[in-house]
Amino acid sequence: MVLLRRDGMSLQAQTSLFQSLLNQPFCRPFKIHKGDTFVVQGESANQLFLINNCDFSVSYLTPAGKRYIVNSQRGFTGVLGEMEVFRPEGRYVFSVTALNDANGYQISRAKLLEAVAQQPDMALNFLQLVTGRYEESIGHTLSNILYTLRFNIIRVMLNKSAEANDGWFEFKTDQHASELGATTRAFRRVVKDLVDEGVVDKKRSTYRIANLDALKNELEDC
């Protein structure tokens, strides 16, 4: 399971795949409750998950026993576990925990492989999904490597601002620092600099872009 903020495949292909899978007779509904970890790191990838309008966090448990939140999604509708379920004896790489109640569906690995072998269009849509998510995951990793922490924080803030209805958005230090491969101390220092410079406003745990042009110009200059 490669985890992204958006899928690399076209919306039409995503919708086609999702609906095709929902129409399979072996697609079984299940209820997702807030706090449920319905994908568990290290367990055998015997199920493909179809999720409808679910908020969730994605975490990784290191061999040393430290858990990191590596990503989160809001209002996600789509497929999870597509990469692991196609690998022989694959295991889930991350854990996924629901942040709200939602509806979902499960398809067993055995039934999915049978369906893909018999339906070339479904197989093609899966290939588009896997390659699109892989390409975007690589792009995210390269961005973390090639650009400064300040650049990536500004980039994420601008994206969250664009999605905010009233201009204010949540920006959780632990979550985003982990996603960007930074320590929380370094992350907070950069955010404080942006606030002190007057380009970002802060109100408790929420933020708002105060000087959009300045931030956009800084990204373009990098």
# chains A, B, ... in the order shown; residues from 1 in each chain; ligands from 1

call {"tool": "residues_around", "arguments": {"residues": "Ala182 (chain A)", "least_positions_apart": "3", "cutoff": "12 Å", "atoms": "only C-alpha atoms", "output": "PyMOL selection string"}}
result
chain A and resi 68+70+144-145+148-150+152-153+173-179+185-190

call {"tool": "closest_residue", "arguments": {"among": "A:Val156, A:Asn211, A:Asp55, A:Gly181", "to": "Ile32 (chain A)", "atoms": "only C-alpha atoms"}}
result
A:Asp55

call {"tool": "atom_distance", "arguments": {"atom1": "CA of Leu50 (chain A)", "atom2": "CA of Lys160 (chain A)"}}
result
25.3 Å

call {"tool": "select_by_dssp", "arguments": {"residues": "region 2-200 of chain A", "states": "strand (DSSP E)", "output": "MDAnalysis selection string"}}
result
chainID A and resid 28:32 37:39 47:61 67:80 95:98 102:108 168:170 200

call {"tool": "atom_distance", "arguments": {"atom1": "CA of Ile107 (chain A)", "atom2": "CA of Phe26 (chain A)"}}
result
6.5 Å

call {"tool": "atom_distance", "arguments": {"atom1": "CA of Thr77 (chain A)", "atom2": "CA of Cys54 (chain A)"}}
result
6.7 Å

call {"tool": "closest_residue", "arguments": {"among": "A:Arg87, A:Thr184, A:Phe30, A:Leu17", "to": "Leu124 (chain A)", "atoms": "only C-alpha atoms"}}
result
A:Leu17

call {"tool": "closest_residue", "arguments": {"among": "A:Glu135, A:Leu113, A:Ser57, A:Glu218", "to": "Pro88 (chain A)", "atoms": "only C-alpha atoms"}}
result
A:Leu113

call {"tool": "residues_around", "arguments": {"residues": "Ser108 (chain A)", "least_positions_apart": "5", "cutoff": "8 Å", "atoms": "only C-alpha atoms", "output": "PyMOL selection string"}}
result
chain A and resi 26+46-48

call {"tool": "closest_residue", "arguments": {"among": "A:Lys31, A:Glu82, A:Asn71, A:Pro63", "to": "Asp101 (chain A)", "atoms": "only C-alpha atoms"}}
result
A:Lys31

call {"tool": "select_by_dssp", "arguments": {"residues": "region 90-174 of chain A", "states": "helix (DSSP H, G or I)", "output": "PyMOL selection string"}}
result
chain A and resi 109-118+120-146+149-163+173-174

call {"tool": "write_last_selection", "arguments": {"atoms": "N, CA and C atoms", "output": "compact mmCIF listing (two decimals), in the first residue's frame"}}
result
# COMPACT_ATOMS: atom_id res chain seq x y z
N ARG A 109 -8.21 -11.98 -1.14
CA ARG A 109 -7.14 -12.02 -2.13
C ARG A 109 -7.41 -13.08 -3.19
N ALA A 110 -7.86 -14.25 -2.77
CA ALA A 110 -8.10 -15.35 -3.71
C ALA A 110 -9.17 -14.98 -4.73
N LYS A 111 -10.28 -14.40 -4.26
CA LYS A 111 -11.36 -14.02 -5.17
C LYS A 111 -10.93 -12.87 -6.09
N LEU A 112 -10.14 -11.95 -5.55
CA LEU A 112 -9.69 -10.83 -6.36
C LEU A 112 -8.80 -11.31 -7.51
N LEU A 113 -7.88 -12.20 -7.22
CA LEU A 113 -6.99 -12.71 -8.27
C LEU A 113 -7.77 -13.44 -9.35
N GLU A 114 -8.81 -14.17 -8.96
CA GLU A 114 -9.66 -14.84 -9.95
C GLU A 114 -10.35 -13.82 -10.85
N ALA A 115 -10.89 -12.77 -10.24
CA ALA A 115 -11.62 -11.75 -11.00
C ALA A 115 -10.70 -11.01 -11.96
N VAL A 116 -9.51 -10.65 -11.50
CA VAL A 116 -8.56 -9.93 -12.34
C VAL A 116 -8.13 -10.78 -13.53
N ALA A 117 -7.95 -12.08 -13.32
CA ALA A 117 -7.55 -12.97 -14.40
C ALA A 117 -8.63 -13.09 -15.48
N GLN A 118 -9.89 -12.90 -15.07
CA GLN A 118 -11.01 -13.06 -16.00
C GLN A 118 -11.48 -11.73 -16.60
N PRO A 120 -9.93 -8.34 -18.04
CA PRO A 120 -8.76 -7.52 -18.43
C PRO A 120 -8.91 -6.04 -18.10
N ASP A 121 -10.11 -5.48 -18.22
CA ASP A 121 -10.30 -4.06 -17.92
C ASP A 121 -10.02 -3.77 -16.44
N MET A 122 -10.42 -4.67 -15.58
CA MET A 122 -10.15 -4.50 -14.16
C MET A 122 -8.65 -4.58 -13.89
N ALA A 123 -7.99 -5.52 -14.56
CA ALA A 123 -6.54 -5.66 -14.39
C ALA A 123 -5.82 -4.39 -14.83
N LEU A 124 -6.27 -3.80 -15.94
CA LEU A 124 -5.66 -2.56 -16.43
C LEU A 124 -5.86 -1.42 -15.44
N ASN A 125 -7.05 -1.31 -14.87
CA ASN A 125 -7.30 -0.26 -13.89
C ASN A 125 -6.45 -0.43 -12.64
N PHE A 126 -6.22 -1.67 -12.24
CA PHE A 126 -5.34 -1.90 -11.10
C PHE A 126 -3.91 -1.49 -11.42
N LEU A 127 -3.46 -1.77 -12.63
CA LEU A 127 -2.12 -1.36 -13.04
C LEU A 127 -1.99 0.15 -13.00
N GLN A 128 -3.02 0.86 -13.47
CA GLN A 128 -2.99 2.32 -13.44
C GLN A 128 -2.95 2.84 -12.01
N LEU A 129 -3.72 2.20 -11.14
CA LEU A 129 -3.74 2.61 -9.74
C LEU A 129 -2.37 2.42 -9.08
N VAL A 130 -1.80 1.23 -9.26
CA VAL A 130 -0.53 0.90 -8.61
C VAL A 130 0.60 1.79 -9.13
N THR A 131 0.70 1.94 -10.46
CA THR A 131 1.79 2.74 -11.02
C THR A 131 1.62 4.21 -10.68
N GLY A 132 0.39 4.71 -10.70
CA GLY A 132 0.15 6.11 -10.36
C GLY A 132 0.54 6.42 -8.93
N ARG A 133 0.14 5.55 -8.01
CA ARG A 133 0.48 5.78 -6.61
C ARG A 133 1.98 5.63 -6.37
N TYR A 134 2.58 4.69 -7.06
CA TYR A 134 4.03 4.50 -6.90
C TYR A 134 4.78 5.74 -7.38
N GLU A 135 4.40 6.27 -8.55
CA GLU A 135 5.08 7.45 -9.09
C GLU A 135 4.93 8.65 -8.15
N GLU A 136 3.76 8.81 -7.60
CA GLU A 136 3.56 9.97 -6.72
C GLU A 136 4.31 9.78 -5.41
N SER A 137 4.37 8.54 -4.92
CA SER A 137 5.13 8.28 -3.71
C SER A 137 6.61 8.59 -3.91
N ILE A 138 7.15 8.21 -5.06
CA ILE A 138 8.54 8.53 -5.37
C ILE A 138 8.74 10.04 -5.45
N GLY A 139 7.78 10.73 -6.07
CA GLY A 139 7.87 12.18 -6.16
C GLY A 139 7.87 12.84 -4.79
N HIS A 140 7.04 12.32 -3.89
CA HIS A 140 7.00 12.85 -2.52
C HIS A 140 8.33 12.63 -1.82
N THR A 141 8.90 11.45 -1.99
CA THR A 141 10.19 11.14 -1.36
C THR A 141 11.30 12.03 -1.91
N LEU A 142 11.32 12.21 -3.22
CA LEU A 142 12.35 13.05 -3.83
C LEU A 142 12.23 14.50 -3.37
N SER A 143 10.99 14.96 -3.21
CA SER A 143 10.78 16.33 -2.74
C SER A 143 11.38 16.52 -1.35
N ASN A 144 11.19 15.51 -0.48
CA ASN A 144 11.78 15.59 0.86
C ASN A 144 13.30 15.61 0.82
N ILE A 145 13.88 14.90 -0.16
CA ILE A 145 15.33 14.81 -0.25
C ILE A 145 15.93 16.06 -0.88
N LEU A 146 15.30 16.54 -1.96
CA LEU A 146 15.90 17.59 -2.77
C LEU A 146 15.65 19.00 -2.23
N LEU A 149 13.47 21.78 4.40
CA LEU A 149 12.29 21.58 5.24
C LEU A 149 11.35 22.78 5.13
N ARG A 150 11.91 23.98 5.08
CA ARG A 150 11.08 25.18 4.95
C ARG A 150 10.27 25.12 3.65
N PHE A 151 10.89 24.74 2.55
CA PHE A 151 10.20 24.64 1.26
C PHE A 151 9.02 23.68 1.38
N ASN A 152 9.25 22.52 1.96
CA ASN A 152 8.19 21.51 2.04
C ASN A 152 7.08 21.92 3.00
N ILE A 153 7.43 22.61 4.09
CA ILE A 153 6.39 23.09 4.99
C ILE A 153 5.51 24.13 4.30
N ILE A 154 6.13 25.05 3.56
CA ILE A 154 5.35 26.05 2.81
C ILE A 154 4.45 25.36 1.79
N ARG A 155 5.01 24.37 1.10
CA ARG A 155 4.22 23.65 0.08
C ARG A 155 2.99 22.99 0.70
N VAL A 156 3.18 22.32 1.84
CA VAL A 156 2.05 21.66 2.50
C VAL A 156 1.05 22.68 3.02
N MET A 157 1.54 23.78 3.57
CA MET A 157 0.64 24.82 4.07
C MET A 157 -0.21 25.42 2.96
N LEU A 158 0.40 25.66 1.82
CA LEU A 158 -0.35 26.22 0.69
C LEU A 158 -1.43 25.25 0.22
N ASN A 159 -1.10 23.96 0.19
CA ASN A 159 -2.10 22.95 -0.21
C ASN A 159 -3.25 22.91 0.78
N LYS A 160 -2.95 22.95 2.08
CA LYS A 160 -4.00 22.89 3.09
C LYS A 160 -4.84 24.17 3.08
N SER A 161 -4.19 25.30 2.81
CA SER A 161 -4.92 26.56 2.74
C SER A 161 -5.91 26.55 1.58
N ALA A 162 -5.49 25.98 0.47
CA ALA A 162 -6.37 25.92 -0.71
C ALA A 162 -7.61 25.06 -0.45
N GLU A 163 -7.50 24.11 0.46
CA GLU A 163 -8.62 23.23 0.77
C GLU A 163 -9.49 23.77 1.90
N THR A 173 1.87 19.22 14.17
CA THR A 173 3.33 19.12 14.13
C THR A 173 3.82 17.68 14.01
N ASP A 174 3.36 16.81 14.90
CA ASP A 174 3.86 15.43 14.91
C ASP A 174 3.59 14.72 13.59

call {"tool": "residues_around", "arguments": {"residues": "Phe169 (chain A)", "least_positions_apart": "5", "cutoff": "6 Å", "atoms": "only C-alpha atoms", "output": "list of chain:residue names"}}
result
A:Ala164, A:Thr206, A:Tyr207

call {"tool": "closest_residue", "arguments": {"among": "A:Phe76, A:Phe94, A:Phe56, A:Trp168", "to": "Ser205 (chain A)", "atoms": "only C-alpha atoms"}}
result
A:Trp168

call {"tool": "closest_residue", "arguments": {"among": "A:Thr15, A:Leu219, A:Asp201, A:Ser44", "to": "Tyr147 (chain A)", "atoms": "only C-alpha atoms"}}
result
A:Leu219
